[in-house]
$ cat run_12.cif   # mmCIF, C-alpha atoms and all ligand atoms; chains and numbers go by the auth columns
data_final
#
loop_
_atom_site.group_PDB
_atom_site.id
_atom_site.type_symbol
_atom_site.label_atom_id
_atom_site.label_comp_id
_atom_site.label_asym_id
_atom_site.label_seq_id
_atom_site.Cartn_x
_atom_site.Cartn_y
_atom_site.Cartn_z
_atom_site.B_iso_or_equiv
_atom_site.auth_seq_id
_atom_site.auth_asym_id
ATOM 1 C CA MET A 1 -116.315 -150.462 30.263 0.00 215 A
ATOM 2 C CA SER A 2 -116.881 -153.852 28.632 0.00 216 A
ATOM 3 C CA PHE A 3 -119.455 -156.280 29.962 0.00 217 A
ATOM 4 C CA PHE A 4 -116.753 -158.599 31.338 0.00 218 A
ATOM 5 C CA THR A 5 -114.789 -155.785 32.971 0.00 219 A
ATOM 6 C CA LYS A 6 -118.004 -154.614 34.557 0.00 220 A
ATOM 7 C CA ILE A 7 -118.981 -157.942 36.109 0.00 221 A
ATOM 8 C CA PHE A 8 -115.473 -158.867 37.237 0.00 222 A
ATOM 9 C CA THR A 9 -114.460 -155.474 38.625 0.00 223 A
ATOM 10 C CA LYS A 10 -114.757 -155.093 42.379 0.00 224 A
ATOM 11 C CA GLN A 11 -117.460 -152.743 43.615 0.00 225 A
ATOM 12 C CA SER A 12 -116.277 -149.141 43.894 0.00 226 A
ATOM 13 C CA LYS A 13 -116.249 -147.514 47.324 0.00 227 A
ATOM 14 C CA GLU A 14 -119.232 -145.463 46.211 0.00 228 A
ATOM 15 C CA GLU A 15 -121.188 -148.601 45.244 0.00 229 A
ATOM 16 C CA VAL A 16 -120.325 -150.327 48.529 0.00 230 A
ATOM 17 C CA LYS A 17 -121.545 -147.251 50.419 0.00 231 A
ATOM 18 C CA MET A 18 -124.790 -147.200 48.434 0.00 232 A
ATOM 19 C CA ASN A 19 -125.404 -150.892 49.082 0.00 233 A
ATOM 20 C CA THR A 20 -124.713 -150.667 52.805 0.00 234 A
ATOM 21 C CA MET A 21 -127.919 -150.046 54.665 0.00 235 A
ATOM 22 C CA ASN A 22 -128.257 -147.408 57.361 0.00 236 A
ATOM 23 C CA ILE A 23 -130.376 -148.903 60.099 0.00 237 A
ATOM 24 C CA GLY A 24 -131.663 -146.854 63.037 0.00 238 A
ATOM 25 C CA ILE A 25 -132.249 -148.545 66.372 0.00 239 A
ATOM 26 C CA ILE A 26 -135.038 -146.339 67.698 0.00 240 A
ATOM 27 C CA LEU A 27 -135.470 -146.097 71.481 0.00 241 A
ATOM 28 C CA GLY A 28 -139.220 -146.157 71.971 0.00 242 A
ATOM 29 C CA SER A 29 -139.447 -144.715 75.489 0.00 243 A
ATOM 30 C CA THR A 30 -138.353 -141.394 76.922 0.00 244 A
ATOM 31 C CA ARG A 31 -139.276 -141.493 80.632 0.00 245 A
ATOM 32 C CA GLU A 32 -136.745 -140.792 83.396 0.00 246 A
ATOM 33 C CA GLY A 33 -135.237 -144.129 84.465 0.00 247 A
ATOM 34 C CA ARG A 34 -136.242 -145.941 81.256 0.00 248 A
ATOM 35 C CA VAL A 35 -134.562 -149.210 80.309 0.00 249 A
ATOM 36 C CA SER A 36 -134.737 -148.736 76.516 0.00 250 A
ATOM 37 C CA PRO A 37 -131.115 -147.428 76.270 0.00 251 A
ATOM 38 C CA GLN A 38 -129.875 -150.723 77.759 0.00 252 A
ATOM 39 C CA VAL A 39 -131.873 -152.687 75.205 0.00 253 A
ATOM 40 C CA GLY A 40 -130.641 -150.435 72.392 0.00 254 A
ATOM 41 C CA GLU A 41 -126.980 -150.828 73.416 0.00 255 A
ATOM 42 C CA TRP A 42 -127.357 -154.603 73.664 0.00 256 A
ATOM 43 C CA LEU A 43 -128.882 -154.722 70.158 0.00 257 A
ATOM 44 C CA LYS A 44 -126.210 -152.447 68.705 0.00 258 A
ATOM 45 C CA GLY A 45 -123.513 -154.681 70.193 0.00 259 A
ATOM 46 C CA ILE A 46 -124.970 -157.705 68.405 0.00 260 A
ATOM 47 C CA ALA A 47 -125.617 -155.760 65.196 0.00 261 A
ATOM 48 C CA ASP A 48 -122.152 -154.207 64.943 0.00 262 A
ATOM 49 C CA LYS A 49 -120.507 -157.639 65.157 0.00 263 A
ATOM 50 C CA ARG A 50 -122.267 -158.582 61.908 0.00 264 A
ATOM 51 C CA GLY A 51 -120.513 -155.859 59.893 0.00 265 A
ATOM 52 C CA ASP A 52 -123.320 -155.875 57.308 0.00 266 A
ATOM 53 C CA ALA A 53 -124.857 -152.427 57.843 0.00 267 A
ATOM 54 C CA ASN A 54 -124.386 -149.128 59.629 0.00 268 A
ATOM 55 C CA TYR A 55 -126.336 -149.342 62.858 0.00 269 A
ATOM 56 C CA GLU A 56 -127.093 -146.213 64.859 0.00 270 A
ATOM 57 C CA ILE A 57 -129.024 -145.686 68.070 0.00 271 A
ATOM 58 C CA ILE A 58 -131.682 -143.019 67.641 0.00 272 A
ATOM 59 C CA ASP A 59 -132.989 -141.511 70.869 0.00 273 A
ATOM 60 C CA ILE A 60 -136.365 -139.806 70.449 0.00 274 A
ATOM 61 C CA ALA A 61 -135.732 -137.876 73.689 0.00 275 A
ATOM 62 C CA GLU A 62 -132.822 -135.995 72.113 0.00 276 A
ATOM 63 C CA PHE A 63 -135.103 -134.373 69.540 0.00 277 A
ATOM 64 C CA GLN A 64 -137.336 -132.745 72.162 0.00 278 A
ATOM 65 C CA LEU A 65 -140.363 -133.246 69.978 0.00 279 A
ATOM 66 C CA PRO A 66 -143.435 -131.231 70.951 0.00 280 A
ATOM 67 C CA PHE A 67 -146.729 -133.027 71.384 0.00 281 A
ATOM 68 C CA MET A 68 -148.348 -133.104 67.970 0.00 282 A
ATOM 69 C CA GLY A 69 -150.803 -130.275 67.386 0.00 283 A
ATOM 70 C CA THR A 70 -149.734 -128.167 70.354 0.00 284 A
ATOM 71 C CA THR A 71 -147.388 -125.923 68.355 0.00 285 A
ATOM 72 C CA ASP A 72 -147.137 -124.552 64.831 0.00 286 A
ATOM 73 C CA GLY A 73 -144.772 -127.393 63.913 0.00 287 A
ATOM 74 C CA THR A 74 -141.748 -125.216 63.162 0.00 288 A
ATOM 75 C CA GLU A 75 -139.564 -126.480 66.042 0.00 289 A
ATOM 76 C CA PRO A 76 -136.091 -127.442 64.805 0.00 290 A
ATOM 77 C CA GLY A 77 -136.519 -130.798 66.559 0.00 291 A
ATOM 78 C CA ILE A 78 -139.295 -131.831 64.169 0.00 292 A
ATOM 79 C CA ALA A 79 -137.179 -130.955 61.132 0.00 293 A
ATOM 80 C CA ALA A 80 -134.138 -132.704 62.636 0.00 294 A
ATOM 81 C CA TRP A 81 -136.247 -135.787 63.394 0.00 295 A
ATOM 82 C CA ASN A 82 -137.481 -135.945 59.804 0.00 296 A
ATOM 83 C CA GLU A 83 -133.964 -135.413 58.434 0.00 297 A
ATOM 84 C CA LYS A 84 -132.591 -138.202 60.599 0.00 298 A
ATOM 85 C CA LEU A 85 -135.328 -140.604 59.506 0.00 299 A
ATOM 86 C CA ALA A 86 -134.812 -139.630 55.866 0.00 300 A
ATOM 87 C CA SER A 87 -131.144 -140.637 56.152 0.00 301 A
ATOM 88 C CA LEU A 88 -132.090 -144.173 57.234 0.00 302 A
ATOM 89 C CA ASP A 89 -133.024 -147.200 55.116 0.00 303 A
ATOM 90 C CA GLY A 90 -134.555 -149.282 57.879 0.00 304 A
ATOM 91 C CA PHE A 91 -135.378 -149.369 61.556 0.00 305 A
ATOM 92 C CA VAL A 92 -135.368 -151.559 64.621 0.00 306 A
ATOM 93 C CA PHE A 93 -137.946 -150.320 67.104 0.00 307 A
ATOM 94 C CA VAL A 94 -137.151 -150.878 70.769 0.00 308 A
ATOM 95 C CA VAL A 95 -140.680 -151.091 72.131 0.00 309 A
ATOM 96 C CA ALA A 96 -141.764 -150.885 75.763 0.00 310 A
ATOM 97 C CA GLU A 97 -145.307 -151.958 76.577 0.00 311 A
ATOM 98 C CA TYR A 98 -147.335 -149.132 78.124 0.00 312 A
ATOM 99 C CA ASN A 99 -150.966 -150.004 78.917 0.00 313 A
ATOM 100 C CA HIS A 100 -150.980 -152.787 76.325 0.00 314 A
ATOM 101 C CA SER A 101 -149.651 -150.476 73.602 0.00 315 A
ATOM 102 C CA ILE A 102 -146.605 -148.454 72.623 0.00 316 A
ATOM 103 C CA SER A 103 -145.567 -145.402 74.651 0.00 317 A
ATOM 104 C CA GLY A 104 -147.166 -142.048 73.886 0.00 318 A
ATOM 105 C CA ALA A 105 -143.694 -140.712 73.092 0.00 319 A
ATOM 106 C CA LEU A 106 -143.180 -143.293 70.342 0.00 320 A
ATOM 107 C CA LYS A 107 -146.654 -142.730 68.894 0.00 321 A
ATOM 108 C CA ASN A 108 -146.040 -138.981 68.828 0.00 322 A
ATOM 109 C CA ALA A 109 -142.678 -139.487 67.112 0.00 323 A
ATOM 110 C CA LEU A 110 -144.299 -141.795 64.542 0.00 324 A
ATOM 111 C CA ASP A 111 -147.013 -139.197 63.886 0.00 325 A
ATOM 112 C CA LEU A 112 -144.512 -136.357 63.425 0.00 326 A
ATOM 113 C CA ALA A 113 -143.103 -137.776 60.179 0.00 327 A
ATOM 114 C CA ARG A 114 -144.675 -139.291 57.116 0.00 328 A
ATOM 115 C CA GLU A 115 -142.684 -139.594 53.863 0.00 329 A
ATOM 116 C CA ALA A 116 -139.500 -140.276 55.829 0.00 330 A
ATOM 117 C CA TRP A 117 -141.039 -143.575 57.012 0.00 331 A
ATOM 118 C CA ASN A 118 -142.438 -144.699 53.664 0.00 332 A
ATOM 119 C CA ASN A 119 -141.085 -147.725 51.761 0.00 333 A
ATOM 120 C CA LYS A 120 -138.633 -148.775 54.445 0.00 334 A
ATOM 121 C CA ALA A 121 -138.356 -151.925 56.529 0.00 335 A
ATOM 122 C CA ALA A 122 -138.483 -152.419 60.278 0.00 336 A
ATOM 123 C CA GLY A 123 -138.064 -155.002 62.971 0.00 337 A
ATOM 124 C CA ILE A 124 -139.347 -154.866 66.533 0.00 338 A
ATOM 125 C CA VAL A 125 -137.683 -155.843 69.791 0.00 339 A
ATOM 126 C CA SER A 126 -140.196 -155.455 72.596 0.00 340 A
ATOM 127 C CA TYR A 127 -140.274 -155.947 76.337 0.00 341 A
ATOM 128 C CA GLY A 128 -142.849 -156.100 79.094 0.00 342 A
ATOM 129 C CA SER A 129 -144.529 -158.571 81.409 0.00 343 A
ATOM 130 C CA THR A 130 -145.562 -160.632 78.386 0.00 344 A
ATOM 131 C CA GLY A 131 -142.593 -159.652 76.243 0.00 345 A
ATOM 132 C CA GLY A 132 -144.291 -156.482 75.061 0.00 346 A
ATOM 133 C CA ALA A 133 -146.207 -158.546 72.503 0.00 347 A
ATOM 134 C CA ARG A 134 -149.393 -156.482 72.719 0.00 348 A
ATOM 135 C CA ALA A 135 -147.514 -153.222 72.133 0.00 349 A
ATOM 136 C CA ALA A 136 -145.647 -154.744 69.205 0.00 350 A
ATOM 137 C CA GLU A 137 -148.882 -155.824 67.519 0.00 351 A
ATOM 138 C CA HIS A 138 -150.254 -152.273 67.841 0.00 352 A
ATOM 139 C CA LEU A 139 -147.067 -150.959 66.270 0.00 353 A
ATOM 140 C CA ARG A 140 -147.493 -153.333 63.321 0.00 354 A
ATOM 141 C CA GLY A 141 -150.906 -151.764 62.606 0.00 355 A
ATOM 142 C CA ILE A 142 -149.419 -148.261 62.696 0.00 356 A
ATOM 143 C CA MET A 143 -146.573 -149.319 60.419 0.00 357 A
ATOM 144 C CA GLY A 144 -149.079 -150.482 57.811 0.00 358 A
ATOM 145 C CA GLU A 145 -150.432 -146.941 57.543 0.00 359 A
ATOM 146 C CA LEU A 146 -146.911 -145.461 57.367 0.00 360 A
ATOM 147 C CA MET A 147 -145.896 -147.901 54.620 0.00 361 A
ATOM 148 C CA ILE A 148 -143.174 -149.454 56.749 0.00 362 A
ATOM 149 C CA ALA A 149 -142.705 -153.135 55.976 0.00 363 A
ATOM 150 C CA ASP A 150 -142.452 -154.960 59.299 0.00 364 A
ATOM 151 C CA VAL A 151 -140.497 -158.205 59.284 0.00 365 A
ATOM 152 C CA ARG A 152 -141.756 -161.396 60.845 0.00 366 A
ATOM 153 C CA THR A 153 -139.103 -162.263 63.419 0.00 367 A
ATOM 154 C CA HIS A 154 -139.723 -160.433 66.677 0.00 368 A
ATOM 155 C CA PRO A 155 -137.518 -160.948 69.731 0.00 369 A
ATOM 156 C CA THR A 156 -139.507 -160.453 72.949 0.00 370 A
ATOM 157 C CA LEU A 157 -137.829 -159.749 76.282 0.00 371 A
ATOM 158 C CA SER A 158 -139.566 -160.563 79.542 0.00 372 A
ATOM 159 C CA LEU A 159 -139.349 -158.077 82.404 0.00 373 A
ATOM 160 C CA PHE A 160 -139.241 -161.129 84.714 0.00 374 A
ATOM 161 C CA THR A 161 -136.621 -163.349 83.095 0.00 375 A
ATOM 162 C CA ASP A 162 -134.519 -160.998 80.942 0.00 376 A
ATOM 163 C CA PHE A 163 -134.168 -158.173 83.474 0.00 377 A
ATOM 164 C CA GLU A 164 -132.994 -158.179 87.084 0.00 378 A
ATOM 165 C CA ASN A 165 -135.596 -156.479 89.268 0.00 379 A
ATOM 166 C CA GLY A 166 -137.326 -155.415 86.054 0.00 380 A
ATOM 167 C CA SER A 167 -134.649 -152.778 85.561 0.00 381 A
ATOM 168 C CA VAL A 168 -131.229 -154.252 84.703 0.00 382 A
ATOM 169 C CA LEU A 169 -131.033 -156.026 81.361 0.00 383 A
ATOM 170 C CA LYS A 170 -129.661 -159.579 81.628 0.00 384 A
ATOM 171 C CA PRO A 171 -130.970 -161.151 78.413 0.00 385 A
ATOM 172 C CA GLN A 172 -131.107 -164.907 78.055 0.00 386 A
ATOM 173 C CA ASP A 173 -128.871 -166.393 75.345 0.00 387 A
ATOM 174 C CA LEU A 174 -131.860 -167.773 73.470 0.00 388 A
ATOM 175 C CA HIS A 175 -132.613 -164.285 72.077 0.00 389 A
ATOM 176 C CA LEU A 176 -129.383 -164.041 70.121 0.00 390 A
ATOM 177 C CA ASP A 177 -130.491 -166.179 67.168 0.00 391 A
ATOM 178 C CA ASN A 178 -133.790 -164.329 66.937 0.00 392 A
ATOM 179 C CA VAL A 179 -132.114 -160.911 66.975 0.00 393 A
ATOM 180 C CA ASN A 180 -129.779 -161.971 64.170 0.00 394 A
ATOM 181 C CA LEU A 181 -132.634 -163.442 62.138 0.00 395 A
ATOM 182 C CA MET A 182 -134.633 -160.241 62.587 0.00 396 A
ATOM 183 C CA LEU A 183 -131.616 -158.184 61.438 0.00 397 A
ATOM 184 C CA ASP A 184 -131.168 -160.466 58.392 0.00 398 A
ATOM 185 C CA GLN A 185 -134.761 -159.719 57.425 0.00 399 A
ATOM 186 C CA VAL A 186 -134.550 -155.959 58.091 0.00 400 A
ATOM 187 C CA ASN A 187 -131.392 -155.690 55.990 0.00 401 A
ATOM 188 C CA ALA A 188 -132.790 -157.704 53.100 0.00 402 A
ATOM 189 C CA TRP A 189 -136.055 -155.794 52.976 0.00 403 A
ATOM 190 C CA SER A 190 -134.346 -152.416 53.454 0.00 404 A
ATOM 191 C CA GLY A 191 -132.235 -153.130 50.391 0.00 405 A
ATOM 192 C CA ALA A 192 -135.213 -154.320 48.369 0.00 406 A
ATOM 193 C CA LEU A 193 -137.340 -151.307 49.285 0.00 407 A
ATOM 194 C CA LYS A 194 -134.560 -148.868 48.436 0.00 408 A
ATOM 195 C CA THR A 195 -135.286 -149.658 44.807 0.00 409 A
ATOM 196 C CA LEU A 196 -138.741 -148.113 45.241 0.00 410 A
ATOM 197 C CA ARG A 197 -137.536 -144.815 46.649 0.00 411 A
HETATM 198 C C1 LIG B . -147.607 -146.020 82.201 0.00 1 Q
HETATM 199 C C2 LIG B . -147.090 -147.432 82.198 0.00 1 Q
HETATM 200 C C3 LIG B . -147.895 -148.442 81.759 0.00 1 Q
HETATM 201 C C4 LIG B . -147.423 -149.749 81.709 0.00 1 Q
HETATM 202 N N1 LIG B . -148.228 -150.730 81.212 0.00 1 Q
HETATM 203 C C5 LIG B . -147.730 -151.963 81.025 0.00 1 Q
HETATM 204 C C6 LIG B . -148.507 -152.961 80.382 0.00 1 Q
HETATM 205 O O1 LIG B . -149.627 -152.754 79.986 0.00 1 Q
HETATM 206 N N2 LIG B . -147.949 -154.179 80.192 0.00 1 Q
HETATM 207 C C7 LIG B . -146.667 -154.462 80.576 0.00 1 Q
HETATM 208 O O2 LIG B . -146.208 -155.570 80.353 0.00 1 Q
HETATM 209 N N3 LIG B . -145.903 -153.529 81.206 0.00 1 Q
HETATM 210 C C8 LIG B . -146.412 -152.292 81.439 0.00 1 Q
HETATM 211 N N4 LIG B . -145.651 -151.333 82.047 0.00 1 Q
HETATM 212 C C9 LIG B . -144.306 -151.694 82.489 0.00 1 Q
HETATM 213 C C10 LIG B . -143.283 -151.273 81.461 0.00 1 Q
HETATM 214 O O3 LIG B . -143.295 -152.142 80.343 0.00 1 Q
HETATM 215 C C11 LIG B . -141.909 -151.253 82.097 0.00 1 Q
HETATM 216 O O4 LIG B . -141.911 -150.282 83.137 0.00 1 Q
HETATM 217 C C12 LIG B . -140.822 -150.913 81.111 0.00 1 Q
HETATM 218 O O5 LIG B . -139.582 -150.866 81.773 0.00 1 Q
HETATM 219 C C13 LIG B . -141.089 -149.578 80.441 0.00 1 Q
HETATM 220 O O6 LIG B . -140.107 -149.291 79.493 0.00 1 Q
HETATM 221 P P1 LIG B . -139.027 -148.143 79.762 0.00 1 Q
HETATM 222 O O7 LIG B . -138.322 -148.501 81.061 0.00 1 Q
HETATM 223 O O8 LIG B . -138.103 -148.189 78.596 0.00 1 Q
HETATM 224 O O9 LIG B . -139.780 -146.854 79.894 0.00 1 Q
HETATM 225 C C14 LIG B . -146.105 -150.037 82.132 0.00 1 Q
HETATM 226 C C15 LIG B . -145.284 -148.987 82.592 0.00 1 Q
HETATM 227 C C16 LIG B . -145.765 -147.704 82.605 0.00 1 Q
HETATM 228 C C17 LIG B . -144.846 -146.584 83.068 0.00 1 Q
#
$ encode --input "run_12.cif" --output "structure tokens" --more "lines below"
Ligand SMILES: Cc1cc2nc3c(=O)[nH]c(=O)nc-3n(C[C@H](O)[C@H](O)[C@H](O)COP(=O)(O)O)c2cc1C
Amino acid sequence: MSFFTKIFTKQSKEEVKMNTMNIGIILGSTREGRVSPQVGEWLKGIADKRGDANYEIIDIAEFQLPFMGTTDGTEPGIAAWNEKLASLDGFVFVVAEYNHSISGALKNALDLAREAWNNKAAGIVSYGSTGGARAAEHLRGIMGELMIADVRTHPTLSLFTDFENGSVLKPQDLHLDNVNLMLDQVNAWSGALKTLR
């Protein structure tokens, strides 16, 4: 193929597929009655309208991960969890604040993989009485160790003003721009980091 043909030819389906990022929206809580699925669905609704990446909700609870160190590590859930993460280029963590940090379930899920996290990008959407900010900052420290590049923009939902009775998500419109900006950054960095893997 000549140089000119190459630069003027439309991308093949294969190339488009390779350049489209797979982004997992990871639900960071697993308790009975949790609100994280509502937050995840709301984010996916916004993300899918953009048409710029494949967005998928990833529910930690579905993998039935054992507590790290309590088994020999051969449960199929651990392998499935690692395979799922390996298939993704970037992440959006839906983070609930539990005792000023992330939930134990999310920490356990983070600990149960290593290479599958490396050289990928992530954004955080957190919630809590102060927008889950303290939990999100803890997660940023963990991501440093896992070589996950965390983007700057961080939408924070208040349990008081973005939820009815702290349990039904009714997000204020002001979050929309921030969510889109965060997704812009996750997509851009996911693509850039793919070149390292
Ligand atoms: C064990 C526990 C600890 C919590 N600690 C905090 C906290 O430190 N700060 C805060 O803002 N909210 C705290 N909360 C409130 C949670 O952020 C709130 O219940 C939220 O809905 C939890 O997310 P989930 O519904 O997805 O599980 C705590 C809730 C639980 C169950």
$ closest_atom_pairs --input "run_12.cif" --of "chain A" --to "ligand LIG 1 (chain Q)" --cutoff "12 Å" --atoms "only C-alpha atoms and all ligand atoms" --output "CSV"
residue,atom,partner,partner_atom,distance
A:Ile240,CA,Q:LIG1,O8,11.5
A:Leu241,CA,Q:LIG1,O8,7.9
A:Gly242,CA,Q:LIG1,O8,7.0
A:Ser243,CA,Q:LIG1,O8,4.9
A:Thr244,CA,Q:LIG1,O9,6.4
A:Arg245,CA,Q:LIG1,O9,5.4
A:Glu246,CA,Q:LIG1,O9,7.6
A:Gly247,CA,Q:LIG1,O7,6.3
A:Arg248,CA,Q:LIG1,O7,3.3
A:Val249,CA,Q:LIG1,O7,3.9
A:Ser250,CA,Q:LIG1,O8,4.0
A:Pro251,CA,Q:LIG1,O8,7.4
A:Gln252,CA,Q:LIG1,O8,8.6
A:Val253,CA,Q:LIG1,O8,8.4
A:Gly254,CA,Q:LIG1,O8,10.0
A:Asp273,CA,Q:LIG1,O8,11.4
A:Ile274,CA,Q:LIG1,O8,11.8
A:Ala275,CA,Q:LIG1,O9,11.6
A:Phe307,CA,Q:LIG1,O8,11.7
A:Val308,CA,Q:LIG1,O8,8.3
A:Val309,CA,Q:LIG1,O8,7.5
A:Ala310,CA,Q:LIG1,O6,4.4
A:Glu311,CA,Q:LIG1,O3,4.3
A:Tyr312,CA,Q:LIG1,N1,3.6
A:Asn313,CA,Q:LIG1,O1,3.2
A:His314,CA,Q:LIG1,O1,3.9
A:Ser315,CA,Q:LIG1,O1,6.8
A:Ile316,CA,Q:LIG1,N1,9.0
A:Ser317,CA,Q:LIG1,C1,7.8
A:Gly318,CA,Q:LIG1,C1,9.2
A:Ala319,CA,Q:LIG1,O9,10.0
A:Leu320,CA,Q:LIG1,O9,10.7
A:Val339,CA,Q:LIG1,O8,11.7
A:Ser340,CA,Q:LIG1,O3,9.0
A:Tyr341,CA,Q:LIG1,O3,6.3
A:Gly342,CA,Q:LIG1,O2,3.6
A:Ser343,CA,Q:LIG1,O2,3.6
A:Thr344,CA,Q:LIG1,O2,5.5
A:Gly345,CA,Q:LIG1,O2,6.8
A:Gly346,CA,Q:LIG1,O2,5.7
A:Ala347,CA,Q:LIG1,O2,8.4
A:Arg348,CA,Q:LIG1,N2,8.0
A:Ala349,CA,Q:LIG1,N2,8.1
A:Ala350,CA,Q:LIG1,O2,11.2
A:Thr370,CA,Q:LIG1,O2,11.1
A:Leu371,CA,Q:LIG1,O3,10.2
A:Ser372,CA,Q:LIG1,O2,8.3
A:Leu373,CA,Q:LIG1,O5,7.2
A:Phe374,CA,Q:LIG1,O2,9.9
A:Asp376,CA,Q:LIG1,O5,11.4
A:Phe377,CA,Q:LIG1,O5,9.3
A:Glu378,CA,Q:LIG1,O5,11.2
A:Asn379,CA,Q:LIG1,O5,10.2
A:Gly380,CA,Q:LIG1,O5,6.6
A:Ser381,CA,Q:LIG1,O5,6.5
A:Val382,CA,Q:LIG1,O5,9.5
A:Leu383,CA,Q:LIG1,O5,10.0
$ resolve_selection --input "run_12.cif" --expression "the PyMOL selection byres (((chain A and resi 285-295) around 10) and not hetatm)" --output "list in words"
Ile272, Asp273, Ile274, Glu276, Phe277, Gln278, Leu279, Pro280, Phe281, Met282, Gly283, Thr284, Asn296, Glu297, Lys298, Leu299, Ala300, Ala323, Leu326, Ala327 and Ala330 of chain A
$ write_last_selection --input "run_12.cif" --atoms "C-alpha atoms" --output "compact mmCIF listing (two decimals), in the coordinates of the input"
# COMPACT_ATOMS: atom_id res chain seq x y z
CA ILE A 272 -131.68 -143.02 67.64
CA ASP A 273 -132.99 -141.51 70.87
CA ILE A 274 -136.36 -139.81 70.45
CA GLU A 276 -132.82 -136.00 72.11
CA PHE A 277 -135.10 -134.37 69.54
CA GLN A 278 -137.34 -132.74 72.16
CA LEU A 279 -140.36 -133.25 69.98
CA PRO A 280 -143.44 -131.23 70.95
CA PHE A 281 -146.73 -133.03 71.38
CA MET A 282 -148.35 -133.10 67.97
CA GLY A 283 -150.80 -130.28 67.39
CA THR A 284 -149.73 -128.17 70.35
CA ASN A 296 -137.48 -135.94 59.80
CA GLU A 297 -133.96 -135.41 58.43
CA LYS A 298 -132.59 -138.20 60.60
CA LEU A 299 -135.33 -140.60 59.51
CA ALA A 300 -134.81 -139.63 55.87
CA ALA A 323 -142.68 -139.49 67.11
CA LEU A 326 -144.51 -136.36 63.42
CA ALA A 327 -143.10 -137.78 60.18
CA ALA A 330 -139.50 -140.28 55.83
$ atom_distance --input "run_12.cif" --atom1 "atom CA of A:Lys334" --atom2 "atom CA of A:Ile362"
5.1 Å
$ resolve_selection --input "run_12.cif" --expression "the PyMOL selection byres (((chain A and resi 236) around 10) and not hetatm)" --output "compact mmCIF listing (two decimals) with C-alpha atoms, in the frame of the given file"
# COMPACT_ATOMS: atom_id res chain seq x y z
CA LYS A 231 -121.54 -147.25 50.42
CA MET A 232 -124.79 -147.20 48.43
CA ASN A 233 -125.40 -150.89 49.08
CA THR A 234 -124.71 -150.67 52.80
CA MET A 235 -127.92 -150.05 54.66
CA ILE A 237 -130.38 -148.90 60.10
CA GLY A 238 -131.66 -146.85 63.04
CA ILE A 239 -132.25 -148.54 66.37
CA ASP A 266 -123.32 -155.88 57.31
CA ALA A 267 -124.86 -152.43 57.84
CA ASN A 268 -124.39 -149.13 59.63
CA TYR A 269 -126.34 -149.34 62.86
CA GLU A 270 -127.09 -146.21 64.86
CA SER A 301 -131.14 -140.64 56.15
CA LEU A 302 -132.09 -144.17 57.23
CA ASP A 303 -133.02 -147.20 55.12
CA GLY A 304 -134.56 -149.28 57.88
CA PHE A 305 -135.38 -149.37 61.56
CA ASN A 401 -131.39 -155.69 55.99
CA SER A 404 -134.35 -152.42 53.45
CA GLY A 405 -132.24 -153.13 50.39
$ resolve_selection --input "run_12.cif" --expression "the PyMOL selection byres (((chain A and resi 360) around 9) and not hetatm)" --output "PDB file with C-alpha atoms, keeping the file's coordinate frame"
ATOM      1  CA  LEU A 324    -144.299-141.795  64.542  1.00  0.00           C
ATOM      2  CA  ARG A 328    -144.675-139.291  57.116  1.00  0.00           C
ATOM      3  CA  GLU A 329    -142.684-139.594  53.863  1.00  0.00           C
ATOM      4  CA  TRP A 331    -141.039-143.575  57.012  1.00  0.00           C
ATOM      5  CA  ASN A 332    -142.438-144.699  53.664  1.00  0.00           C
ATOM      6  CA  ASN A 333    -141.085-147.725  51.761  1.00  0.00           C
ATOM      7  CA  ILE A 356    -149.419-148.261  62.696  1.00  0.00           C
ATOM      8  CA  MET A 357    -146.573-149.319  60.419  1.00  0.00           C
ATOM      9  CA  GLY A 358    -149.079-150.482  57.811  1.00  0.00           C
ATOM     10  CA  GLU A 359    -150.432-146.941  57.543  1.00  0.00           C
ATOM     11  CA  MET A 361    -145.896-147.901  54.620  1.00  0.00           C
ATOM     12  CA  ILE A 362    -143.174-149.454  56.749  1.00  0.00           C
ATOM     13  CA  ALA A 363    -142.705-153.135  55.976  1.00  0.00           C
TER      14      ALA A 363
END
$ atom_distance --input "run_12.cif" --atom1 "atom CA of A:Ile260" --atom2 "atom CA of A:Asp325"
29.1 Å
$ closest_residue --input "run_12.cif" --among "A:Ala335, A:Val306, A:Leu388, A:Leu257" --to "A:Lys408" --atoms "only C-alpha atoms"
A:Ala335
$ atom_distance --input "run_12.cif" --atom1 "atom CA of A:Pro385" --atom2 "atom CA of A:Arg264"
18.8 Å
$ closest_residue --input "run_12.cif" --among "A:Val365, A:Leu353, A:Ile271, A:Val230" --to "A:Asn392" --atoms "all atoms listed in the file"
A:Val365
$ closest_residue --input "run_12.cif" --among "A:Gln225, A:Gln386, A:Gln399, A:Thr409" --to "A:Ile338" --atoms "all atoms listed in the file"
A:Gln399
$ closest_residue --input "run_12.cif" --among "A:Arg354, A:Lys263, A:Glu228, A:Thr367" --to "A:His389" --atoms "only C-alpha atoms"
A:Thr367
$ closest_residue --input "run_12.cif" --among "A:Arg411, A:Lys258, A:His352, A:Lys321" --to "A:Leu397" --atoms "only C-alpha atoms"
A:Lys258
$ decode --input "run_12.cif" --residues "stretch 264-278 of chain A" --atoms "C-alpha atoms" --output "compact mmCIF listing (two decimals), in the first residue's frame"
# COMPACT_ATOMS: atom_id res chain seq x y z
CA ARG A 264 -20.83 9.62 24.01
CA GLY A 265 -20.28 6.67 21.66
CA ASP A 266 -16.50 6.92 22.13
CA ALA A 267 -15.76 3.67 23.99
CA ASN A 268 -17.27 0.39 25.12
CA TYR A 269 -18.51 0.91 28.65
CA GLU A 270 -19.40 -2.06 30.83
CA ILE A 271 -20.60 -2.28 34.41
CA ILE A 272 -18.44 -4.65 36.43
CA ASP A 273 -20.01 -5.92 39.65
CA ILE A 274 -17.44 -7.25 42.12
CA ALA A 275 -20.24 -9.15 43.91
CA GLU A 276 -20.80 -11.38 40.88
CA PHE A 277 -17.29 -12.82 41.13
CA GLN A 278 -17.79 -14.12 44.67
